[in-house]
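To be precise, the following lines are start35.cif, and they hold mmCIF, C-alpha atoms.
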data_start
#
loop_
_atom_site.group_PDB
_atom_site.id
_atom_site.type_symbol
_atom_site.label_atom_id
_atom_site.label_comp_id
_atom_site.auth_asym_id
_atom_site.auth_seq_id
_atom_site.Cartn_x
_atom_site.Cartn_y
_atom_site.Cartn_z
ATOM 1 C CA MET W 579 21.210 5.789 -15.424
ATOM 2 C CA ILE W 580 19.056 7.986 -13.139
ATOM 3 C CA ALA W 581 21.721 10.681 -13.205
ATOM 4 C CA LEU W 582 21.696 10.581 -17.009
ATOM 5 C CA VAL W 583 17.888 10.984 -17.108
ATOM 6 C CA TYR W 584 18.065 13.970 -14.731
ATOM 7 C CA ALA W 585 20.906 15.491 -16.739
ATOM 8 C CA ILE W 586 18.738 15.347 -19.865
ATOM 9 C CA ALA W 587 15.365 16.223 -18.273
ATOM 10 C CA LEU W 588 16.345 19.196 -16.084
ATOM 11 C CA PRO W 589 17.742 21.434 -18.855
ATOM 12 C CA ASN W 590 14.684 20.614 -20.980
ATOM 13 C CA PHE W 591 12.387 21.546 -18.082
ATOM 14 C CA SER W 592 14.225 24.843 -17.693
ATOM 15 C CA LEU W 593 13.904 25.556 -21.415
ATOM 16 C CA GLN W 594 10.204 24.667 -21.303
ATOM 17 C CA LYS W 595 9.659 27.030 -18.345
ATOM 18 C CA GLU W 596 11.515 29.846 -20.092
ATOM 19 C CA SER W 597 9.505 29.236 -23.251
ATOM 20 C CA GLN W 598 6.207 29.383 -21.314
ATOM 21 C CA ILE W 599 7.265 32.621 -19.615
ATOM 22 C CA ALA W 600 8.273 34.170 -22.936
ATOM 23 C CA ASP W 601 4.957 33.078 -24.501
ATOM 24 C CA ARG W 602 2.909 34.603 -21.641
ATOM 25 C CA LEU W 603 4.870 37.854 -21.671
ATOM 26 C CA GLY W 604 4.483 38.024 -25.443
ATOM 27 C CA ARG W 605 0.735 37.516 -25.145
ATOM 28 C CA LEU W 606 0.466 40.190 -22.467
ATOM 29 C CA SER W 607 2.442 42.579 -24.659
ATOM 30 C CA GLU W 608 0.171 41.804 -27.636
ATOM 31 C CA ASP W 609 -2.928 42.272 -25.454
ATOM 32 C CA ILE W 610 -1.718 45.663 -24.227
ATOM 33 C CA ARG W 611 -1.170 46.820 -27.801
ATOM 34 C CA ALA W 612 -4.529 45.382 -28.922
ATOM 35 C CA VAL W 613 -6.418 47.134 -26.107
ATOM 36 C CA PHE W 614 -4.751 50.432 -26.969
ATOM 37 C CA ASP W 615 -5.680 49.928 -30.638
ATOM 38 C CA LEU W 616 -9.292 49.108 -29.680
ATOM 39 C CA ALA W 617 -9.554 52.306 -27.651
ATOM 40 C CA VAL W 618 -8.310 54.356 -30.591
ATOM 41 C CA LEU W 619 -10.449 52.574 -33.194
ATOM 42 C CA THR W 620 -13.701 52.549 -31.192
ATOM 43 C CA GLY W 621 -13.276 55.987 -29.603
ATOM 44 C CA ARG W 622 -14.130 54.470 -26.207
ATOM 45 C CA PRO W 623 -11.905 54.066 -23.152
ATOM 46 C CA HIS W 624 -10.751 50.529 -22.355
ATOM 47 C CA ARG W 625 -8.905 49.066 -19.395
ATOM 48 C CA LEU W 626 -6.969 45.983 -18.399
ATOM 49 C CA VAL W 627 -7.983 44.774 -14.938
ATOM 50 C CA PHE W 628 -5.299 42.697 -13.220
ATOM 51 C CA ASP W 629 -6.297 40.385 -10.372
ATOM 52 C CA LEU W 630 -2.976 40.349 -8.531
ATOM 53 C CA ALA W 631 -3.925 37.473 -6.212
ATOM 54 C CA ARG W 632 -4.871 35.093 -9.034
ATOM 55 C CA GLY W 633 -2.421 36.232 -11.687
ATOM 56 C CA GLU W 634 -5.229 36.870 -14.177
ATOM 57 C CA TYR W 635 -6.424 39.819 -16.216
ATOM 58 C CA ILE W 636 -9.468 40.816 -18.239
ATOM 59 C CA VAL W 637 -10.311 43.566 -20.700
ATOM 60 C CA GLU W 638 -13.221 45.949 -20.153
ATOM 61 C CA VAL W 639 -14.678 48.718 -22.302
ATOM 62 C CA CYS W 640 -16.351 51.845 -20.932
ATOM 63 C CA LYS W 641 -20.085 52.137 -21.607
ATOM 64 C CA THR W 642 -19.624 55.818 -22.470
ATOM 65 C CA THR W 643 -17.264 57.601 -24.824
ATOM 66 C CA HIS W 644 -15.963 60.044 -22.219
ATOM 67 C CA LEU W 645 -14.165 59.230 -19.005
ATOM 68 C CA SER W 646 -11.734 60.828 -16.652
ATOM 69 C CA LEU W 647 -9.401 58.855 -14.462
ATOM 70 C CA PRO W 648 -11.227 57.285 -11.517
ATOM 71 C CA ALA W 649 -11.148 58.837 -8.111
ATOM 72 C CA LEU W 650 -8.261 57.634 -6.034
ATOM 73 C CA SER W 651 -8.762 56.224 -2.576
ATOM 74 C CA GLU W 652 -7.012 57.786 0.400
ATOM 75 C CA GLU W 653 -4.153 55.334 -0.130
ATOM 76 C CA GLY W 654 -3.586 56.769 -3.609
ATOM 77 C CA THR W 655 -4.866 53.727 -5.511
ATOM 78 C CA ASP W 656 -7.951 53.162 -7.656
ATOM 79 C CA ALA W 657 -11.160 53.017 -5.671
ATOM 80 C CA SER W 658 -12.156 49.439 -4.871
ATOM 81 C CA THR W 659 -15.280 47.792 -6.256
ATOM 82 C CA LYS W 660 -16.967 48.233 -2.866
ATOM 83 C CA GLN W 661 -16.099 51.942 -2.788
ATOM 84 C CA THR W 662 -17.352 52.357 -6.352
ATOM 85 C CA GLU W 663 -20.673 50.657 -5.517
ATOM 86 C CA GLU W 664 -21.072 52.811 -2.392
ATOM 87 C CA LYS W 665 -20.412 55.949 -4.428
ATOM 88 C CA LYS W 666 -22.976 54.893 -7.036
ATOM 89 C CA ALA W 667 -25.616 54.184 -4.364
ATOM 90 C CA GLU W 668 -24.907 57.582 -2.794
ATOM 91 C CA PHE W 669 -25.299 59.290 -6.185
ATOM 92 C CA LEU W 670 -28.645 57.563 -6.834
ATOM 93 C CA GLU W 671 -29.897 58.515 -3.385
ATOM 94 C CA GLN W 672 -28.907 62.168 -3.867
ATOM 95 C CA PHE W 673 -30.393 62.202 -7.369
ATOM 96 C CA LYS W 674 -33.844 61.357 -5.973
ATOM 97 C CA GLU W 675 -34.082 65.003 -4.868
ATOM 98 C CA TYR W 676 -33.716 66.160 -8.484
ATOM 99 C CA GLU W 677 -36.363 63.660 -9.552
ATOM 100 C CA LYS W 678 -38.753 65.112 -6.953
ATOM 101 C CA LEU W 679 -38.020 68.650 -8.169
ATOM 102 C CA ALA W 680 -38.860 67.647 -11.745
ATOM 103 C CA GLY W 681 -42.389 66.837 -10.634
ATOM 104 C CA GLU W 682 -44.860 64.230 -11.762
ATOM 105 C CA GLY W 683 -45.305 63.043 -15.296
ATOM 106 C CA PHE W 684 -48.502 63.381 -17.344
ATOM 107 C CA LYS W 685 -50.796 60.998 -19.164
ATOM 108 C CA ASP W 686 -51.503 61.487 -22.823
ATOM 109 C CA SER W 687 -55.223 62.299 -23.051
ATOM 110 C CA LYS W 688 -55.639 60.282 -26.259
ATOM 111 C CA SER W 689 -53.622 57.143 -25.570
ATOM 112 C CA ASP W 690 -53.255 57.178 -21.767
ATOM 113 C CA ALA W 691 -49.518 56.667 -22.311
ATOM 114 C CA PRO W 692 -47.355 58.129 -19.539
ATOM 115 C CA ILE W 693 -45.305 61.217 -20.417
ATOM 116 C CA PRO W 694 -42.327 61.615 -18.103
ATOM 117 C CA PRO W 695 -41.310 65.032 -16.798
ATOM 118 C CA VAL W 696 -38.854 66.937 -18.984
ATOM 119 C CA SER W 697 -35.749 68.183 -17.229
ATOM 120 C CA PRO W 698 -32.218 68.687 -18.535
ATOM 121 C CA VAL W 699 -30.885 67.322 -15.242
ATOM 122 C CA LEU W 700 -32.940 64.132 -15.550
ATOM 123 C CA GLN W 701 -31.851 63.722 -19.151
ATOM 124 C CA ALA W 702 -28.216 64.118 -18.086
ATOM 125 C CA LYS W 703 -28.440 61.512 -15.305
ATOM 126 C CA ASN W 704 -26.375 58.883 -17.135
ATOM 127 C CA ALA W 705 -23.686 61.397 -18.034
ATOM 128 C CA LEU W 706 -23.489 62.629 -14.430
ATOM 129 C CA GLN W 707 -22.956 59.271 -12.772
ATOM 130 C CA GLU W 708 -19.819 57.158 -12.897
ATOM 131 C CA PRO W 709 -19.575 55.222 -16.155
ATOM 132 C CA GLY W 710 -20.003 51.488 -16.193
ATOM 133 C CA TRP W 711 -17.658 48.896 -17.635
ATOM 134 C CA GLU W 712 -18.400 45.743 -19.606
ATOM 135 C CA ALA W 713 -16.601 43.024 -21.526
ATOM 136 C CA PRO W 714 -16.056 43.839 -25.207
ATOM 137 C CA GLU W 715 -18.674 42.079 -27.316
ATOM 138 C CA GLY W 716 -17.705 39.430 -29.840
ATOM 139 C CA MET W 717 -13.982 39.977 -29.433
ATOM 140 C CA GLY W 718 -13.039 36.731 -27.659
ATOM 141 C CA TRP W 719 -11.637 38.539 -24.632
ATOM 142 C CA ASP W 720 -12.056 36.125 -21.769
ATOM 143 C CA LYS W 721 -10.095 35.982 -18.553
ATOM 144 C CA ARG W 722 -6.412 35.377 -19.250
ATOM 145 C CA ALA W 723 -3.813 33.959 -16.908
ATOM 146 C CA LEU W 724 -0.203 35.000 -16.612
ATOM 147 C CA GLY W 725 0.769 31.351 -16.116
ATOM 148 C CA ASP W 726 2.269 29.202 -13.410
ATOM 149 C CA PHE W 727 5.661 30.896 -13.412
ATOM 150 C CA LEU W 728 4.615 34.558 -13.487
ATOM 151 C CA LEU W 729 3.081 36.666 -10.762
ATOM 152 C CA LEU W 730 2.542 40.413 -10.676
ATOM 153 C CA LYS W 731 3.037 41.380 -7.092
ATOM 154 C CA ASP W 732 2.407 45.100 -7.573
ATOM 155 C CA LEU W 733 1.527 47.594 -10.276
ATOM 156 C CA GLN W 734 1.861 51.357 -10.295
ATOM 157 C CA ALA W 735 0.469 53.854 -12.777
ATOM 158 C CA GLU W 736 1.238 57.552 -13.161
ATOM 159 C CA HIS W 737 -1.763 58.715 -11.147
ATOM 160 C CA HIS W 738 -1.052 56.444 -8.151
ATOM 161 C CA HIS W 739 0.851 57.719 -5.175
ATOM 162 C CA LYS W 740 2.134 54.207 -4.519
ATOM 163 C CA PRO W 741 1.848 50.760 -6.147
ATOM 164 C CA VAL W 742 -1.231 48.557 -5.794
ATOM 165 C CA SER W 743 0.356 45.550 -4.092
ATOM 166 C CA LEU W 744 -0.478 41.941 -3.472
ATOM 167 C CA GLY W 745 -1.268 41.396 0.195
ATOM 168 C CA GLU W 746 -2.444 44.933 0.985
ATOM 169 C CA GLY W 747 -5.852 45.463 2.495
ATOM 170 C CA GLU W 748 -8.682 43.015 3.017
ATOM 171 C CA GLU W 749 -10.077 43.016 -0.493
ATOM 172 C CA GLN W 750 -8.762 41.170 -3.478
ATOM 173 C CA PRO W 751 -6.082 43.463 -4.923
ATOM 174 C CA LEU W 752 -6.978 44.738 -8.381
ATOM 175 C CA ALA W 753 -4.837 46.975 -10.526
ATOM 176 C CA MET W 754 -6.164 48.710 -13.629
ATOM 177 C CA VAL W 755 -4.419 50.152 -16.649
ATOM 178 C CA TYR W 756 -6.567 52.599 -18.636
ATOM 179 C CA PHE W 757 -6.354 53.245 -22.367
ATOM 180 C CA PHE W 758 -8.001 56.316 -23.851
ATOM 181 C CA PRO W 759 -8.749 56.994 -27.522
ATOM 182 C CA ARG W 760 -6.070 59.703 -27.454
ATOM 183 C CA GLY W 761 -3.476 57.674 -25.525
ATOM 184 C CA TYR W 762 -2.691 56.142 -22.123
#
Conversion result in structure tokens:
Amino acid sequence: MIALVYAIALPNFSLQKESQIADRLGRLSEDIRAVFDLAVLTGRPHRLVFDLARGEYIVEVCKTTHLSLPALSEEGTDASTKQTEEKKAEFLEQFKEYEKLAGEGFKDSKSDAPIPPVSPVLQAKNALQEPGWEAPEGMGWDKRALGDFLLLKDLQAEHHHKPVSLGEGEEQPLAMVYFFPRGY
């Protein structure tokens, strides 16, 4: 009797596993197409961020309409979050010199309201620094899992010299796929 139960249950378990894998791959495929479509329709770059260690991914949209591919680390992969934060802090520190050169602001003689210094460099500050990323608003894009039976162990894009792989480095391995309004 036990052998009969196993004979019936095991093929069904295999079919269920295959069905779950097909569903997850189908969802990932739909998400990739949807993110590409969003980039084209909104005119803003988007990206899929894969957490290779957890088997999860999220969608992010660029805060600006223009973007070039991110700087690559020495290993030929996207710069890590820590490297990005360090680069941003370095930019802000260097930009203080331009703020000093712009001089002090003024006070409006009638209302005592502050009038900041006018400088094209100061006005271009946001365009000069690395763009930020955020979750798309009102789109229902929360963290998504690949499932119990799927694991991305590495991912390689055209601009990488080698794949971003699970188990490399000390940080949590992240891989990003960028979508631009005019294509991948």
field: Distance query W:Asp615 at most 12 Å, all atoms listed in the file, self and fewer than 3 positions along chain excluded, as a list in words
entry: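 Residues near the query, excluding close chain neighbours: Glu608, Asp609, Ile610, Arg611, Ala612, Val618, Leu619, Thr620, Gly621, Arg622, Pro623, His624, Arg625, Phe757, Phe758, Pro759, Arg760, Gly761 and Tyr762 of chain W.
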Contacts of W:Lys641 within 10 Å, all atoms listed in the file, excl. fewer than 4 positions in-chain, as JSON, numbers by chain: {"W": [622, 623, 624, 645, 709, 710, 711, 712, 713, 714]}
- prompt: Using only C-alpha atoms, which of W:Ala753, W:Leu724, W:Ala680, W:Leu616 sits nearest W:Leu700?
  reply: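 Using only C-alpha atoms, the shortest distance to W:Leu700 belongs to W:Ala680.
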query: Near W:Glu677, counting only C-alpha atoms, which residues have an atom at most 12 Å away, once you skip same-chain residues fewer than 6 positions from it, shown as a list in words?
result: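 The contact residues come out as Leu670, Glu671, Gly683, Pro694, Pro695, Val696, Ser697, Pro698, Val699, Leu700, Gln701, Ala702 and Lys703 of chain W.
Here atom CA of W:Glu664 and atom CA of W:Leu752 stand 17.3 Å from one another.
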- prompt: Could you list as a ChimeraX atom specification every residue that has an atom within 10 Å of (-7.3, 33.7, -21.8), using the file's coordinates and counting all atoms listed in the file?
  reply: /W:605,634-636,718-724
task: Enter the distance from atom CA of W:Leu630 to atom CA of W:Met754, in Å, rounded to one decimal.
output: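 Between these atoms lies a distance of 10.3 Å.
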query: In Å, with one decimal, what is the gap from atom CA of W:Tyr756 to atom CA of W:Glu596?
result: 29.1 Å
- request: Translate the PyMOL selection byres ((chain W and resi 730) around 7), as applied to the file shown, into an explicit residue set as an MDAnalysis selection string.
  value: chainID W and resid 630 633 728:729 731:732
Calculate, to one decimal in Å, the centre and edge lengths of the box along x, y and z of the file that holds all listed atoms of stretch 611-619 of chain W with 8 Å of margin on each side, and present them as lines of an AutoDock Vina configuration file.
center_x = -5.8
center_y = 49.9
center_z = -29.7
size_x = 25.3
size_y = 25.0
size_z = 23.1
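Nearest to W:Arg602 of all the residues W:Glu638, W:Glu715, W:Asp690, W:Asp726 is W:Asp726, based on only C-alpha atoms.
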